[in-house]
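Peer 1: I'd like to ask you about the structure that follows.
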Amino acid sequence: MLDIQKKLKEIGPFVPEEDDDLLVCRCEEVTKGEIRKALHQGITTVEELRRFLRCGMGLCQGQTCGMITRRIVAKELKIPMGAIEPATARVPMRPIEMEIAGNEKK
Amino acid sequence: MKIEHKELIVVGAGPAGLSAAIEAAKSGVKAIVFDENSKPGGQLFKQIHKFFGSKEHKAKIRGFKIGQDLLQEAEKLGVEVVLNATVVGLYPEKEIIVKIGGEVIHYKADAVLIATGASENMVNFRGWTLPGVIGAGAAQTMMNLHHIKPGNRVFMLGTGNVGLVVSSQLLQAGCEVVALADAAPKIGGYGVHASKVARTGVPFYLSHTIKEVEGEDHVTGVTIAQVDEHFQFIPGTEKHFAVDTICVAVGLSPMAQLLKMDGIVMDDTKGRTVPKCDRTGATSIPGIYAAGDVAGIEEASSAMIEGRMSGSAIAAYLGYLSSDSSEHRVDTLENSLSSLRQGMFAPENRGKKIETTEEGIAISQNLLKAGFVTDDEITRFPGFRKEMKVHPVLECTQNIPCNPCQSACAKGCISIGEHMTSLPISVDGSTCVNCGMCVASCSGQAIFLVAEETRAGFGEVTIPYEFLPLPAEGDGGFALGRDGKKLCETTITRVRTSKAYDGTALVTMEVPTEYIDKARFYKKIG
């Protein structure tokens with residue numbers, strides 16, 4: 001577990017970057033700036049980012065942006081990429097219509 | 001509600017999954033394979049090029065043919081392959097939920113093999129969400145499975161084997177590949193793959209990456225720029241290309257979510273999440289195995305062997321094979337696998353700077369930077385030889401595990417020796433009969449037949465050619481150098497196709513003797 005207060009002090013205040021408006025998660029339309037701002041508010045894990053911003057929660061379930069997000073977290077929080085837990089994997093692994101999910105073979 | 005029971009459930013009908021099902025079925029295991037796609041074979045049916053390796057690795061056979069063979073073998077052994085079947089969940093006690101058509105079906109298995117492969121990585125430059133920015137794998141799917149041209153003018157980001165192979169396939173499909181770029185300072189894939197692209201005249205930009213892709217509702221252009229050693233853009237180094245398609249080939253990530261959701265112990269290396277496995281792919285939960293890219297990114301040849309190793313271990317786990325027989329089989333397969341993991345591109349050499357070959361010859365630096373060996377560099381490699389009469393010139397300058405050329409020549413003109421990573425030698429004093437089998441056998445299209453003088457002042461070069469339409473005898477045009485630049489005018493003197501050449505045509509062009517060691521590609525006038 002990271003000491004959040006210590007980490008926030010270490011990384012300093014949020015400084016806007018030229019490409020903060022770049023989309024990271026295109027399914028849920030979350031930008032790089034939104035993710036960076038969230039990290040400066042004390043979020044430290046991919047899991048929290050998903051709940052807070054919904055990045056990686058769309059159609060592709062983070063298959064496209066997962067690595068990009070982890071890279072941003074690593075850079076912003078100054079921690080190695082390997083130390084950042086990827087998002088939890090859950091059923092359904094692929095998007096599935098509620099109608100079908102509830103339609104179990106008799 | 002009912003639960004269907006199966007002995008072995010395999011998720012993914014690619015090279016690893018099919019091989020595992022086949023191997024297990026050989027011992028009597030009843031296997032069912034689910035795949036979410038409408039066509040089986042995973043990536044194999046997109047691989048229209050010939051494979052590397054040795055005979056046991058199905059070298060010089062095209063990927064889709066290997067796929068057809070695997071499917072046939074699976075069918076013969078009674079392996080059930082269910083397509084359009086999406087596995088949506090793997091629960092404890094090997095319970096699997098599969099979406100087939102409009103319903104979900106519950107299965108329970110005695111053993112499970114996860115062979116779900118990998119998905120393509122992305123980078124988010126400005127404009128990356130514009131229509132026309134696609135994964136290189138997607139381009140391959142469009143071209144080779146659905147016969148759709150992905151675009152007309154294509155820019156490729158990434159020079160690993162995927163970027164290089166897809167670039168040559170785009171050229172084959174009739175697209176113009178305007179350039180390849182890579183943020184790394186050297187080309188990541190096989191030199192022979194790069195050379196195939198370079199000799200058609202496509203430039204490589206190393207230490208360059210995409211700054212911006214422009215367009216209103218679709219891609220109309222791309223700006224790239226040079227990066228320093230910290231991957232930061234260097235101002236003033238921008239280059240612009242008008243293109244309608246951007247292909248991204250920047251690596252793959254294992255699709256290991258099914259394993260993770262079941263609570264299997266995972267390993268995280270360099271941001272890639274893979275299951276912790278033993279050599280047979282056995283994970284931390286007894287009876288659950290992983291094989292192929294999902295257990296670590298490699299390529300189809302190794303995925304097939306890994307699948308067989310898992311299949312054999314599963315047969316033993318289910319009691320169809322004694323553990324001794326299985327161990328013995330796995331040992332044999334492991335030897336075959338480790339022979340594929342040798343040479344300059346071996347997993348342990350990743351990221352290392354290699355200066356010389358195993359033979360002590362300095363590596364062509366130009367090959368790593370521009371995708372081709374220069375006219376001066378090529379003479380120091382053992383595949384290069386000068387002779388008036390026709391003889392093979394083997395432009396294979398990196399130690400890769402591949403040796404079909406050696407057995408393709410019945411006359412002993414080509415020697416690799418025992419180590420399949422050794423550079424091929426064009427044997428002095430041997431007698432070439434101009435059969436062309438070596439040219440067609442080389443998966444890297446790096447073998448040429450050269451006759452220095454066939455009439456006063458002129459000689460002939462025979463090149464492997466995999467483009468349509470084929471030139472005809474008597475056609476004029478230009479001979480191009482390894483760099484893809486025009487050298488001289490030329491006339492086609494012979495065009496050979498044969499079942500034994502398996503789709504590779506042999507095109508012979510006449511060039512002035514002074515260009516005999518330089519001319520390596522042909523371009524029709526107009």
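In the structure tokens, chains take the letters A, B, ... in the order shown, each chain's residues start at 1, and ligands count up from 1 in the order shown.
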For a quick test of understanding: name the residues of chain B lying within 10 Å of chain A when counting only C-alpha atoms, and present them as a PyMOL selection string.
Peer 2: chain B and resi 1-3+36+86-91+97-106+118-129+253-263+267-273
Peer 1: What would the file look like if the residues just selected were written as a PDB file, in the first residue's frame with C-alpha atoms?
Peer 2:
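This went into part.pdb:
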ATOM      1  CA  MET B   1     -30.829 -25.855 -16.099  1.00  0.00           C
ATOM      2  CA  LYS B   2     -28.166 -28.360 -16.846  1.00  0.00           C
ATOM      3  CA  ILE B   3     -24.414 -28.569 -16.809  1.00  0.00           C
ATOM      4  CA  GLU B  36     -15.231 -16.875 -30.384  1.00  0.00           C
ATOM      5  CA  THR B  86     -17.501 -17.031 -26.617  1.00  0.00           C
ATOM      6  CA  VAL B  87     -16.221 -18.199 -23.261  1.00  0.00           C
ATOM      7  CA  VAL B  88     -17.391 -15.433 -20.942  1.00  0.00           C
ATOM      8  CA  GLY B  89     -16.278 -16.857 -17.633  1.00  0.00           C
ATOM      9  CA  LEU B  90     -14.070 -19.382 -15.885  1.00  0.00           C
ATOM     10  CA  TYR B  91     -15.248 -20.088 -12.329  1.00  0.00           C
ATOM     11  CA  ILE B  97     -19.805 -20.371 -19.126  1.00  0.00           C
ATOM     12  CA  VAL B  98     -20.005 -20.178 -22.906  1.00  0.00           C
ATOM     13  CA  LYS B  99     -22.170 -17.916 -25.018  1.00  0.00           C
ATOM     14  CA  ILE B 100     -23.337 -19.755 -28.111  1.00  0.00           C
ATOM     15  CA  GLY B 101     -25.947 -18.068 -30.260  1.00  0.00           C
ATOM     16  CA  GLY B 102     -28.633 -16.512 -28.078  1.00  0.00           C
ATOM     17  CA  GLU B 103     -27.959 -18.521 -24.925  1.00  0.00           C
ATOM     18  CA  VAL B 104     -25.337 -19.279 -22.321  1.00  0.00           C
ATOM     19  CA  ILE B 105     -24.317 -22.853 -21.613  1.00  0.00           C
ATOM     20  CA  HIS B 106     -22.700 -24.146 -18.421  1.00  0.00           C
ATOM     21  CA  ALA B 118      -2.980 -12.040 -27.330  1.00  0.00           C
ATOM     22  CA  SER B 119      -4.365  -8.702 -28.408  1.00  0.00           C
ATOM     23  CA  GLU B 120      -2.572  -5.808 -30.064  1.00  0.00           C
ATOM     24  CA  ASN B 121      -1.127  -2.917 -28.100  1.00  0.00           C
ATOM     25  CA  MET B 122      -2.022   0.665 -28.970  1.00  0.00           C
ATOM     26  CA  VAL B 123      -0.333   4.042 -28.618  1.00  0.00           C
ATOM     27  CA  ASN B 124      -2.344   7.217 -28.220  1.00  0.00           C
ATOM     28  CA  PHE B 125      -0.870   9.908 -30.435  1.00  0.00           C
ATOM     29  CA  ARG B 126      -2.983  12.870 -31.488  1.00  0.00           C
ATOM     30  CA  GLY B 127      -5.577  11.580 -33.956  1.00  0.00           C
ATOM     31  CA  TRP B 128      -5.341   7.921 -32.905  1.00  0.00           C
ATOM     32  CA  THR B 129      -9.120   7.498 -32.779  1.00  0.00           C
ATOM     33  CA  SER B 253      -0.483  -8.310 -24.726  1.00  0.00           C
ATOM     34  CA  PRO B 254      -1.579 -11.753 -23.515  1.00  0.00           C
ATOM     35  CA  MET B 255      -5.350 -12.108 -23.037  1.00  0.00           C
ATOM     36  CA  ALA B 256      -5.106 -13.793 -19.670  1.00  0.00           C
ATOM     37  CA  GLN B 257      -8.327 -12.501 -18.055  1.00  0.00           C
ATOM     38  CA  LEU B 258      -9.966 -15.942 -17.864  1.00  0.00           C
ATOM     39  CA  LEU B 259      -7.041 -17.289 -15.865  1.00  0.00           C
ATOM     40  CA  LYS B 260      -6.950 -14.245 -13.649  1.00  0.00           C
ATOM     41  CA  MET B 261     -10.660 -14.325 -12.841  1.00  0.00           C
ATOM     42  CA  ASP B 262     -10.291 -17.937 -11.716  1.00  0.00           C
ATOM     43  CA  GLY B 263      -7.703 -16.922  -9.140  1.00  0.00           C
ATOM     44  CA  ASP B 267       3.310 -13.223 -13.024  1.00  0.00           C
ATOM     45  CA  ASP B 268       3.807  -9.652 -14.055  1.00  0.00           C
ATOM     46  CA  THR B 269       6.832  -8.979 -16.195  1.00  0.00           C
ATOM     47  CA  LYS B 270       7.325  -5.679 -17.977  1.00  0.00           C
ATOM     48  CA  GLY B 271       3.649  -4.872 -17.723  1.00  0.00           C
ATOM     49  CA  ARG B 272       2.569  -8.171 -19.233  1.00  0.00           C
ATOM     50  CA  THR B 273       0.351 -10.311 -17.071  1.00  0.00           C
TER      51      THR B 273
END
Peer 1: Can you list, as a ChimeraX atom specification, all residues belonging to stretch 305-445 of chain B that DSSP tags as alpha helix (DSSP H)?
Peer 2: /B:305-317,323-340,365-370,375-378,404-408,437-441
Peer 1: Need the shell around B:Val433: protein/DNA/RNA residues with any atom at most 12 Å away, counting only C-alpha atoms. Skip same-chain ones fewer than 4 positions apart. Format as a VMD selection string?
Peer 2: chain B and resid 389 to 392 409 to 413 437 to 438 449 to 451
Peer 1: So, counting only C-alpha atoms, which residue among A:Leu8, A:Val73, A:Val30, A:Met57 is closest to A:Thr45?
Peer 2: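 Going through A:Leu8, A:Val73, A:Val30, A:Met57 one by one, the smallest distance to A:Thr45 is for A:Val73.
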Peer 1: Mind checking DSSP for chain A and telling me the strand (DSSP E) residues as a list in words?
Peer 2: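 Output for chain A, strand (DSSP E) only: Leu23, Val24, Cys25, Val30 and Thr31 of chain A.
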Peer 1: With C-alpha atoms kept, could you save the residues just selected as a compact mmCIF listing (two decimals), in the first residue's frame?
Peer 2:
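What follows is the written file selection-v1.txt:
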# COMPACT_ATOMS: atom_id res chain seq x y z
CA LEU A 23 -8.18 10.41 -25.33
CA VAL A 24 -6.86 7.38 -23.45
CA CYS A 25 -10.03 5.30 -23.11
CA VAL A 30 -11.62 9.55 -20.75
CA THR A 31 -8.64 11.83 -21.39
Peer 1: Could you work out how far atom CA of B:Lys55 lies from atom CA of B:Lys76, giving the answer in Å with one decimal?
Peer 2: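 One can read the atom CA of B:Lys76 to atom CA of B:Lys55 distance as 22.6 Å.
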Peer 1: Could you name the residues that touch B:Pro131 at 9 Å or less, counting only C-alpha atoms, but leaving out those on the same chain fewer than 2 positions away, as a PyMOL selection string?
Peer 2: chain B and resi 128-129+133-134+217-219+245
Peer 1: Using the selection just defined, write its residues with C-alpha atoms as a short mmCIF file (atom, residue, chain, number, x, y, z; two decimals), in the first residue's frame.
Peer 2:
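Okay, part08.cif is ready:
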data_model
loop_
_atom_site.label_atom_id
_atom_site.label_comp_id
_atom_site.auth_asym_id
_atom_site.auth_seq_id
_atom_site.Cartn_x
_atom_site.Cartn_y
_atom_site.Cartn_z
CA TRP B 128 -5.34 7.92 -32.91
CA THR B 129 -9.12 7.50 -32.78
CA VAL B 133 -5.84 4.07 -37.66
CA ILE B 134 -5.83 0.28 -37.28
CA ASP B 217 -13.49 12.24 -40.44
CA HIS B 218 -10.76 9.88 -41.63
CA VAL B 219 -6.96 9.80 -41.83
CA THR B 245 -4.21 4.37 -43.30
#
